[in-house]
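Accompanying notes for the structure given below.
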Amino acid sequence: QVQLVESGGGLVQPGGSLRLSCAASGSIFSIDAMAWYRQAPGKQRELVARIISRGSTNYKDSVKGRFTISRDNAKNTVYLQMNSLNVEDTAVYYCYARQVGVTYWGQGTQVTVSS
């Protein structure tokens, strides 16, 4: 079992920045991918950014150049640095981990972009 705990969400003005953190604990060996998803009200959950075990990353087109996913293996933590936020980025952001075909989700953290 893997437990994921997100933090770092909040209210920010358009153009601002936030950094989300996702701390993994439990049986974290063989986690081969971690990612951030988000879900806005009335919309489906969507992939925002993913990082695989070798460090390769990929991003949703609308966040490329603004968001950066990274990881600190020593802390078993994945980060999502979000810059130049706009109102369309408002959503609950979920951390995701995949381990030998099994997926895990965090509880989510709210990001609200509003003036």
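Each chain of the structure tokens is named A, B, ... in the order shown, its residues numbered from 1; ligands are numbered from 1 in display order.
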
Going by DSSP on the backbone, which bits of range 15-96 of chain A are strand (DSSP E or B)? Write them as a PyMOL selection string, please. chain A and resi 18-26+31-39+46-52+57-59+67-72+77-82+91-96

Among listed residues A:Val2, A:Val111, A:Leu18, A:Leu85, nearest Gln99 in chain A (using only C-alpha atoms): A:Val2

Nearest to Gln81 in chain A, chosen from A:Val48, A:Val100, A:Val12, A:Leu20, with only C-alpha atoms counted in the distances: A:Leu20

Show me, as an MDAnalysis selection string, the residues that have an atom within 12 Å of Met34 in chain A when counting only C-alpha atoms, minus same-chain residues fewer than 3 positions from it. chainID A and resid 2 4 21:24 28 30:31 37 47:58 69:73 76:80 94:99 102:106

Enter the distance from CA of Asn86 in chain A to CA of Arg38 in chain A, in Å, rounded to one decimal.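 Those two atoms sit 14.2 Å apart.
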
I'd like the neighbourhood of Gln3 in chain A as a list in words, where a residue qualifies if any of its atoms comes within 7 Å (using only C-alpha atoms), though same-chain residues fewer than 2 positions away should be ignored. Gln1, Val5, Ala24, Ser25 and Gly26 of chain A

So that I can see what lies close to Val63 in chain A, please list as a VMD selection string the residues with an atom at most 10 Å from it, counting only C-alpha atoms and leaving out residues fewer than 2 positions away in the same chain. chain A and resid 48 to 49 59 to 61 65 to 68 82 to 85 89

Could you pull out all residues of range 47-91 of chain A with a DSSP call of helix (DSSP H, G or I) and give them as number ranges by chain? A: 61-63, 87-89

CA of Gln107 in chain A to CA of Ser7 in chain A, straight-line distance in Å: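 Rounded to one decimal, the two atoms are 9.8 Å apart.
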
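Taking CA of Ser27 in chain A and CA of Gly101 in chain A as the two end points, the separation is 14.0 Å.
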
Show me, as a short mmCIF file (atom, residue, chain, number, x, y, z; two decimals) with all heavy atoms, in the first residue's frame, the residues that have an atom within 10 Å of Glu88 in chain A when counting only C-alpha atoms, minus same-chain residues fewer than 6 positions from it.
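Dumped everything to out-v4.cif:
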data_model
loop_
_atom_site.label_atom_id
_atom_site.label_comp_id
_atom_site.auth_asym_id
_atom_site.auth_seq_id
_atom_site.Cartn_x
_atom_site.Cartn_y
_atom_site.Cartn_z
N PRO A 14 -4.68 35.76 -10.22
CA PRO A 14 -4.18 35.46 -11.57
C PRO A 14 -2.77 36.00 -11.76
O PRO A 14 -2.46 37.12 -11.33
CB PRO A 14 -5.18 36.18 -12.47
CG PRO A 14 -6.44 36.19 -11.69
CD PRO A 14 -6.02 36.38 -10.25
N ALA A 40 -11.88 20.07 -12.24
CA ALA A 40 -12.66 21.27 -12.02
C ALA A 40 -14.13 20.91 -11.88
O ALA A 40 -14.56 19.85 -12.36
CB ALA A 40 -12.46 22.24 -13.18
N SER A 62 -1.84 22.90 -22.13
CA SER A 62 -2.17 24.23 -21.62
C SER A 62 -1.30 24.67 -20.45
O SER A 62 -1.33 25.84 -20.05
CB SER A 62 -3.64 24.30 -21.22
OG SER A 62 -3.92 23.43 -20.15
N THR A 112 -7.43 27.56 -6.07
CA THR A 112 -8.39 28.55 -6.57
C THR A 112 -7.64 29.78 -7.05
O THR A 112 -6.86 30.37 -6.29
CB THR A 112 -9.39 28.96 -5.49
OG1 THR A 112 -10.07 27.79 -5.01
CG2 THR A 112 -10.41 29.95 -6.03
N VAL A 113 -7.85 30.12 -8.31
CA VAL A 113 -7.23 31.29 -8.90
C VAL A 113 -8.32 32.33 -9.12
O VAL A 113 -9.23 32.13 -9.93
CB VAL A 113 -6.52 30.97 -10.22
CG1 VAL A 113 -5.78 32.20 -10.74
CG2 VAL A 113 -5.56 29.80 -10.04
N SER A 114 -8.23 33.42 -8.39
CA SER A 114 -9.28 34.42 -8.44
C SER A 114 -8.75 35.77 -7.98
O SER A 114 -7.87 35.83 -7.12
CB SER A 114 -10.45 34.00 -7.55
OG SER A 114 -11.44 35.02 -7.50
#
